[in-house]
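Data block for protein-v1.cif (mmCIF, C-alpha atoms):
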```cif
data_final
loop_
_atom_site.label_atom_id
_atom_site.label_comp_id
_atom_site.auth_asym_id
_atom_site.auth_seq_id
_atom_site.Cartn_x
_atom_site.Cartn_y
_atom_site.Cartn_z
CA MET N 11 62.68 248.14 -47.05
CA ASN N 12 61.31 251.50 -48.17
CA ARG N 13 57.73 252.72 -48.08
CA GLY N 14 56.97 251.52 -51.59
CA THR N 15 58.47 248.05 -51.57
CA LEU N 16 56.62 244.88 -50.58
CA PRO N 17 58.39 241.60 -49.79
CA LYS N 18 56.94 240.13 -53.01
CA ASN N 19 55.98 241.92 -56.22
CA PRO N 20 52.20 242.49 -55.96
CA ASP N 21 51.87 242.59 -59.75
CA SER N 22 52.19 238.80 -59.62
CA LEU N 23 48.65 238.73 -58.18
CA ALA N 24 47.11 240.11 -61.39
CA PRO N 25 46.67 236.75 -63.18
CA MET N 26 44.99 235.19 -60.13
CA LEU N 27 42.75 238.20 -59.55
CA GLY N 28 41.96 238.79 -63.20
CA TYR N 29 42.58 242.46 -62.45
CA SER N 30 45.48 244.91 -62.88
CA PHE N 31 45.74 248.06 -60.77
CA LYS N 32 45.91 251.52 -62.28
CA ASP N 33 46.80 253.18 -58.96
CA HIS N 34 49.79 251.24 -57.61
CA GLU N 35 49.67 253.09 -54.29
CA LEU N 36 46.26 251.61 -53.50
CA LEU N 37 47.68 248.15 -54.04
CA LEU N 38 50.61 248.88 -51.74
CA GLN N 39 48.31 250.31 -49.05
CA ALA N 40 46.25 247.11 -49.03
CA PHE N 41 49.27 245.23 -47.66
CA ARG N 42 50.47 247.74 -45.07
CA HIS N 43 49.48 246.35 -41.69
CA PRO N 44 48.90 248.93 -38.94
CA SER N 45 51.91 247.58 -37.01
CA TYR N 46 54.21 248.49 -39.91
CA VAL N 47 52.84 252.02 -40.32
CA TYR N 48 52.99 252.63 -36.57
CA GLU N 49 56.69 251.79 -36.47
CA LYS N 50 57.48 253.94 -39.52
CA GLU N 51 56.00 257.08 -37.95
CA ASP N 52 55.58 258.53 -41.45
CA PRO N 53 52.42 260.64 -41.88
CA GLY N 54 52.74 260.16 -45.62
CA ILE N 55 51.76 256.50 -45.59
CA SER N 56 48.47 254.87 -44.62
CA ASP N 57 47.71 251.42 -43.27
CA ASN N 58 45.10 249.08 -44.71
CA GLN N 59 42.37 249.48 -42.09
CA ARG N 60 40.13 251.87 -44.06
CA LEU N 61 40.43 249.66 -47.14
CA GLU N 62 39.56 246.66 -44.96
CA PHE N 63 36.42 248.44 -43.72
CA LEU N 64 35.33 249.15 -47.28
CA GLY N 65 36.25 245.70 -48.59
CA ASP N 66 34.17 244.00 -45.90
CA ALA N 67 31.03 245.73 -47.19
CA VAL N 68 31.88 245.12 -50.86
CA ILE N 69 32.50 241.40 -50.27
CA SER N 70 29.25 240.96 -48.34
CA LEU N 71 27.17 242.57 -51.09
CA ALA N 72 28.97 240.77 -53.92
CA ILE N 73 28.69 237.38 -52.20
CA SER N 74 24.97 237.95 -51.56
CA HIS N 75 24.45 238.64 -55.26
CA LEU N 76 26.63 235.70 -56.29
CA LEU N 77 24.71 233.26 -54.09
CA MET N 78 21.33 234.48 -55.35
CA GLU N 79 22.50 234.04 -58.94
CA SER N 80 24.05 230.63 -58.28
CA PHE N 81 21.13 229.22 -56.29
CA PRO N 82 17.86 230.76 -57.58
CA GLU N 83 15.73 228.24 -55.66
CA MET N 84 17.58 228.44 -52.32
CA ARG N 85 15.65 229.72 -49.31
CA GLU N 86 16.73 232.91 -47.53
CA GLY N 87 17.85 231.05 -44.42
CA ASP N 88 20.23 228.83 -46.36
CA LEU N 89 21.53 231.78 -48.37
CA SER N 90 22.28 233.60 -45.13
CA LYS N 91 24.03 230.55 -43.68
CA HIS N 92 26.29 230.15 -46.71
CA ARG N 93 27.03 233.86 -46.90
CA ALA N 94 27.95 233.88 -43.23
CA PHE N 95 30.57 231.18 -43.83
CA LEU N 96 31.97 232.69 -47.03
CA VAL N 97 32.48 236.14 -45.48
CA SER N 98 33.67 234.78 -42.12
CA GLU N 99 37.31 234.85 -41.10
CA SER N 100 37.56 231.15 -41.96
CA GLY N 101 36.17 231.64 -45.47
CA LEU N 102 38.29 234.71 -46.18
CA TYR N 103 41.36 232.99 -44.75
CA ARG N 104 41.00 230.11 -47.20
CA ILE N 105 41.01 232.56 -50.11
CA ALA N 106 43.93 234.52 -48.65
CA LEU N 107 45.95 231.31 -48.33
CA MET N 108 45.19 230.41 -51.93
CA LEU N 109 46.54 233.82 -53.00
CA GLU N 110 49.51 233.51 -50.59
CA LEU N 111 48.78 237.02 -49.32
CA GLY N 112 51.09 236.54 -46.37
CA ASP N 113 54.05 236.79 -48.74
CA TYR N 114 53.12 240.38 -49.66
CA LEU N 115 52.45 241.90 -46.23
CA LEU N 116 54.38 244.74 -44.64
CA LEU N 117 54.39 243.99 -40.90
CA GLY N 118 55.91 245.53 -37.83
CA ARG N 119 58.71 243.73 -36.02
CA GLY N 120 56.40 242.34 -33.34
CA GLU N 121 54.06 240.75 -35.85
CA GLU N 122 57.01 239.36 -37.78
CA ARG N 123 58.30 237.69 -34.60
CA THR N 124 54.92 236.12 -33.85
CA ASN N 125 54.31 234.66 -37.33
CA GLY N 126 51.94 237.42 -38.38
CA ARG N 127 52.10 236.30 -42.00
CA GLU N 128 50.25 233.13 -41.00
CA LYS N 129 47.61 234.61 -38.71
CA PRO N 130 44.05 234.11 -40.00
CA SER N 131 42.92 237.50 -38.69
CA ILE N 132 45.71 239.40 -40.48
CA LEU N 133 45.33 237.46 -43.72
CA SER N 134 41.54 237.79 -43.84
CA ASP N 135 41.86 241.53 -43.14
CA ALA N 136 44.40 241.81 -45.97
CA LEU N 137 41.98 240.15 -48.39
CA GLU N 138 39.24 242.59 -47.40
CA ALA N 139 41.67 245.49 -47.89
CA LEU N 140 42.68 244.16 -51.30
CA ILE N 141 39.04 244.00 -52.40
CA GLY N 142 38.47 247.51 -51.04
CA ALA N 143 41.44 248.72 -53.06
CA ILE N 144 40.07 247.08 -56.23
CA TYR N 145 36.71 248.79 -55.64
CA LEU N 146 38.38 252.21 -55.38
CA ASP N 147 40.77 251.59 -58.25
CA GLY N 148 38.00 250.34 -60.52
CA ASP N 149 34.37 250.07 -59.48
CA PHE N 150 31.91 247.65 -57.90
CA LEU N 151 31.62 245.61 -61.08
CA SER N 152 35.40 245.12 -61.17
CA ALA N 153 35.47 244.09 -57.52
CA SER N 154 32.49 241.74 -57.86
CA ARG N 155 34.11 240.01 -60.83
CA VAL N 156 37.27 239.41 -58.80
CA ILE N 157 35.21 238.14 -55.85
CA ALA N 158 33.25 235.74 -58.09
CA ARG N 159 36.53 234.45 -59.52
CA LEU N 160 38.18 233.94 -56.12
CA PHE N 161 35.19 232.42 -54.35
CA LYS N 162 34.16 230.11 -57.18
CA PRO N 163 35.83 227.01 -55.60
CA LEU N 164 33.88 227.54 -52.35
CA VAL N 165 30.61 228.23 -54.17
CA ASP N 166 31.18 225.05 -56.21
CA GLU N 167 31.59 223.14 -52.93
CA ILE N 168 28.21 224.48 -51.81
CA CYS N 169 26.69 223.50 -55.15
CA HIS N 170 27.90 219.92 -54.81
CA GLY N 171 27.13 219.67 -51.11
CA ARG N 172 30.80 219.29 -50.22
CA LEU N 173 31.31 222.42 -48.14
CA SER N 174 32.33 221.04 -44.77
CA SER N 175 34.31 222.18 -41.79
CA ASP N 176 37.94 222.97 -42.44
CA PHE N 177 39.33 221.61 -39.19
CA LYS N 178 42.87 222.77 -39.97
CA THR N 179 41.69 226.36 -40.37
CA GLU N 180 39.63 226.17 -37.18
CA LEU N 181 42.58 224.77 -35.25
CA GLN N 182 44.92 227.42 -36.64
CA GLU N 183 42.54 230.20 -35.59
CA LEU N 184 42.04 228.76 -32.10
CA SER N 185 45.76 228.12 -31.66
CA GLN N 186 46.61 231.68 -32.66
CA GLU N 187 43.97 233.08 -30.31
CA VAL N 188 44.83 230.97 -27.27
CA PHE N 189 48.52 230.14 -27.66
CA GLN N 190 49.76 232.81 -30.12
CA THR N 191 51.36 230.14 -32.27
CA THR N 192 50.53 227.86 -35.20
CA PRO N 193 50.01 224.07 -35.11
CA ASP N 194 52.86 221.80 -36.18
CA TYR N 195 51.82 218.78 -38.29
CA ARG N 196 54.22 215.84 -38.39
CA LEU N 197 53.98 212.86 -40.71
CA VAL N 198 54.65 209.87 -38.45
CA LYS N 199 54.57 207.12 -41.06
CA ASP N 200 52.85 205.86 -44.18
CA THR N 201 51.92 202.27 -44.94
CA GLY N 202 50.81 200.29 -47.95
CA PRO N 203 51.83 200.20 -51.61
CA ASP N 204 52.34 203.42 -53.59
CA HIS N 205 48.90 203.18 -55.19
CA ASP N 206 47.07 202.65 -51.89
CA LYS N 207 48.96 204.36 -49.06
CA THR N 208 47.63 205.26 -45.64
CA PHE N 209 49.19 208.28 -43.92
CA TYR N 210 49.51 208.85 -40.16
CA VAL N 211 49.90 212.39 -38.85
CA GLU N 212 50.28 213.96 -35.41
CA VAL N 213 49.62 217.62 -34.63
CA TYR N 214 51.48 219.53 -31.90
CA VAL N 215 50.91 222.95 -30.38
CA ARG N 216 53.79 224.42 -28.40
CA GLY N 217 55.44 221.00 -28.42
CA GLY N 218 52.45 219.20 -26.93
CA LEU N 219 50.68 216.41 -28.83
CA LEU N 220 47.02 217.35 -29.30
CA GLY N 221 45.75 215.03 -32.00
CA LYS N 222 46.40 212.08 -34.29
CA GLY N 223 44.86 211.34 -37.65
CA MET N 224 45.04 208.93 -40.52
CA GLY N 225 43.85 209.12 -44.10
CA LYS N 226 44.42 208.11 -47.69
CA SER N 227 46.26 211.39 -48.27
CA LYS N 228 48.39 213.59 -46.04
CA LYS N 229 45.78 216.32 -46.31
CA GLU N 230 43.03 214.00 -45.07
CA ALA N 231 45.24 212.75 -42.23
CA GLU N 232 46.03 216.33 -41.19
CA GLN N 233 42.33 217.24 -41.21
CA ASN N 234 41.53 214.27 -38.98
CA ALA N 235 44.38 215.13 -36.64
CA ALA N 236 43.12 218.71 -36.44
CA LYS N 237 39.58 217.48 -35.72
CA GLU N 238 40.85 215.41 -32.77
CA ALA N 239 42.94 218.35 -31.52
CA LEU N 240 39.92 220.66 -31.61
CA ALA N 241 37.89 218.16 -29.61
CA CYS N 242 40.73 218.00 -27.06
CA LEU N 243 40.96 221.79 -26.72
CA ARG N 244 37.21 222.24 -26.44
CA ALA N 245 36.65 219.41 -23.95
#
```

Write out the structure in this file as structure tokens.
Amino acid sequence: MNRGTLPKNPDSLAPMLGYSFKDHELLLQAFRHPSYVYEKEDPGISDNQRLEFLGDAVISLAISHLLMESFPEMREGDLSKHRAFLVSESGLYRIALMLELGDYLLLGRGEERTNGREKPSILSDALEALIGAIYLDGDFLSASRVIARLFKPLVDEICHGRLSSDFKTELQELSQEVFQTTPDYRLVKDTGPDHDKTFYVEVYVRGGLLGKGMGKSKKEAEQNAAKEALACLRA
């Protein structure tokens, strides 16, 4: 893999972002993790940390403006609470997963071995770097439009009072931090007719059973299993 090639063509992001890069090098830099650049020992390439620093500030300002526009009657305390979630690692991670940013990353061998493409910290940093690159390639208006587009599903959840804890994301973050691995969800069984099934899921970390959950969809069952696992780990 040479210095200009990502595992997946980054141009495929343009339709989801609603933005096309003029400076392709900025786009490439957004996906170069420091571990990759360190191993290359090439002074001609830069990692994504400076773009991440810039993107963090751009996202915070754009989200503040978006929330004030979306909720003109909301009190400052509630605006701050919602902004804190949206710009947190958990909020950014949800957007990064939606964009499948892990597929584009250039990682060092150590991060590849430890499932770096799935780590919330690496993925959220990559999203910040991507936004920083858009800001430099275009301007703040371009970046804020992309941010509004990407965060719309989460803002809609706030609008309808549905923004709740994503237990799977929380468990993934905690599992990566404590055990350096990702949870393994296993569908144990499903019962009932096709139009009214109930799913039963177990979640394991490093081979150990941490939680069980049931629900009317596999996603709901996994969330409930993750909730039980979090309670077990935090007990």

**Request:** Run the PyMOL selection byres ((chain N and resi 137) around 9) mentally over the shown coordinates, then write out the matched residues as a PyMOL selection string, using the chain letters and numbers from the document.
**Result:** chain N and resi 40-41+62+65+102-103+105-106+111+132-136+138-142

**Item:** Residues returned when the PyMOL selection byres ((chain N and resi 83-100) around 12) runs on this file, as a PyMOL selection string
**Value:** chain N and resi 65-82+101-107+129-138+157-158+160-169+171+173-184

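Residue nearest N:Phe189 within the list N:Ala236, N:Arg159, N:His205, N:Leu243: N:Leu243 [criterion: smallest interatomic distance, only C-alpha atoms].
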
Hey, can I get the axis-aligned box for stretch 51-60 of chain N? All listed atoms, 8 Å padding on each side, centre and edge lengths in Å to one decimal, as JSON.
```
{"center_x": 48.1, "center_y": 254.9, "center_z": -41.8, "size_x": 31.9, "size_y": 27.6, "size_z": 23.7}
```

**Request:** Name all residues at most 12 Å from N:Pro17 (count all atoms listed in the file; drop same-chain ones fewer than 5 positions away) and give them as a PyMOL selection string.
**Result:** chain N and resi 11-12+22+38+41-42+111-117+127

**Prompt:** For N:Tyr214, which residue among N:His170, N:Ser227, N:Thr201, N:Thr192 is the nearest when counting all atoms listed in the file?
**Reply:**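 Result for the nearest residue to N:Tyr214: N:Thr192.
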
**Request:** One decimal, Å: what's the distance from atom CA of N:His43 over to atom CA of N:Gln59, could you say?
**Result:**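 Straight-line distance from atom CA of N:His43 to atom CA of N:Gln59 works out to 7.8 Å.
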
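Rounded to one decimal, atom CA of N:Asn234 and atom CA of N:Lys199 lie 15.0 Å from each other.
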
**Request:** Mind giving me the straight-line distance from atom CA of N:Ala153 to atom CA of N:Met26 in Å, one decimal?
**Result:** 13.3 Å

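Each of N:Ser56, N:Phe209, N:Pro20, N:Arg155 was compared to N:Glu232 using all atoms listed in the file, and N:Phe209 turns out to be the nearest.
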
Using the chain letters and numbers from the file, which residues does the PyMOL selection byres ((chain N and resi 218) around 12) grab, as a JSON list (two decimals) with C-alpha atoms, in the frame of the given file?
```
[["chain", "number", "residue", "atom", "x", "y", "z"],
["N", 189, "PHE", "CA", 48.52, 230.14, -27.66],
["N", 193, "PRO", "CA", 50.01, 224.07, -35.11],
["N", 194, "ASP", "CA", 52.86, 221.80, -36.18],
["N", 195, "TYR", "CA", 51.82, 218.78, -38.29],
["N", 212, "GLU", "CA", 50.28, 213.96, -35.41],
["N", 213, "VAL", "CA", 49.62, 217.62, -34.63],
["N", 214, "TYR", "CA", 51.48, 219.53, -31.90],
["N", 215, "VAL", "CA", 50.91, 222.95, -30.38],
["N", 216, "ARG", "CA", 53.79, 224.42, -28.40],
["N", 217, "GLY", "CA", 55.44, 221.00, -28.42],
["N", 219, "LEU", "CA", 50.68, 216.41, -28.83],
["N", 220, "LEU", "CA", 47.02, 217.35, -29.30],
["N", 221, "GLY", "CA", 45.75, 215.03, -32.00],
["N", 222, "LYS", "CA", 46.40, 212.08, -34.29],
["N", 239, "ALA", "CA", 42.94, 218.35, -31.52],
["N", 242, "CYS", "CA", 40.73, 218.00, -27.06],
["N", 243, "LEU", "CA", 40.96, 221.79, -26.72]]
```

**Item:** Residues within 10 Å of N:Ser30, all atoms listed in the file, excluding chain neighbours under 3 positions, as a PyMOL selection string
**Value:** chain N and resi 20-25+27+33-34+37+144+147-148

**Request:** Mind checking which residues fall within 6 Å of N:Thr208, counting only C-alpha atoms, ignoring those fewer than 5 positions away in the same chain, and posting them as a PyMOL selection string?
**Result:** chain N and resi 200-201+225-226

Would you mind listing what lies within 8 Å of N:Gln190 as a PDB file with C-alpha atoms, keeping the file's coordinate frame, with all atoms listed in the file counted and same-chain residues fewer than 4 positions away left out?
```pdb
ATOM      1  CA  THR N 124      54.920 236.120 -33.850  1.00  0.00           C
ATOM      2  CA  SER N 185      45.760 228.120 -31.660  1.00  0.00           C
ATOM      3  CA  GLN N 186      46.610 231.680 -32.660  1.00  0.00           C
TER       4      GLN N 186
END
```
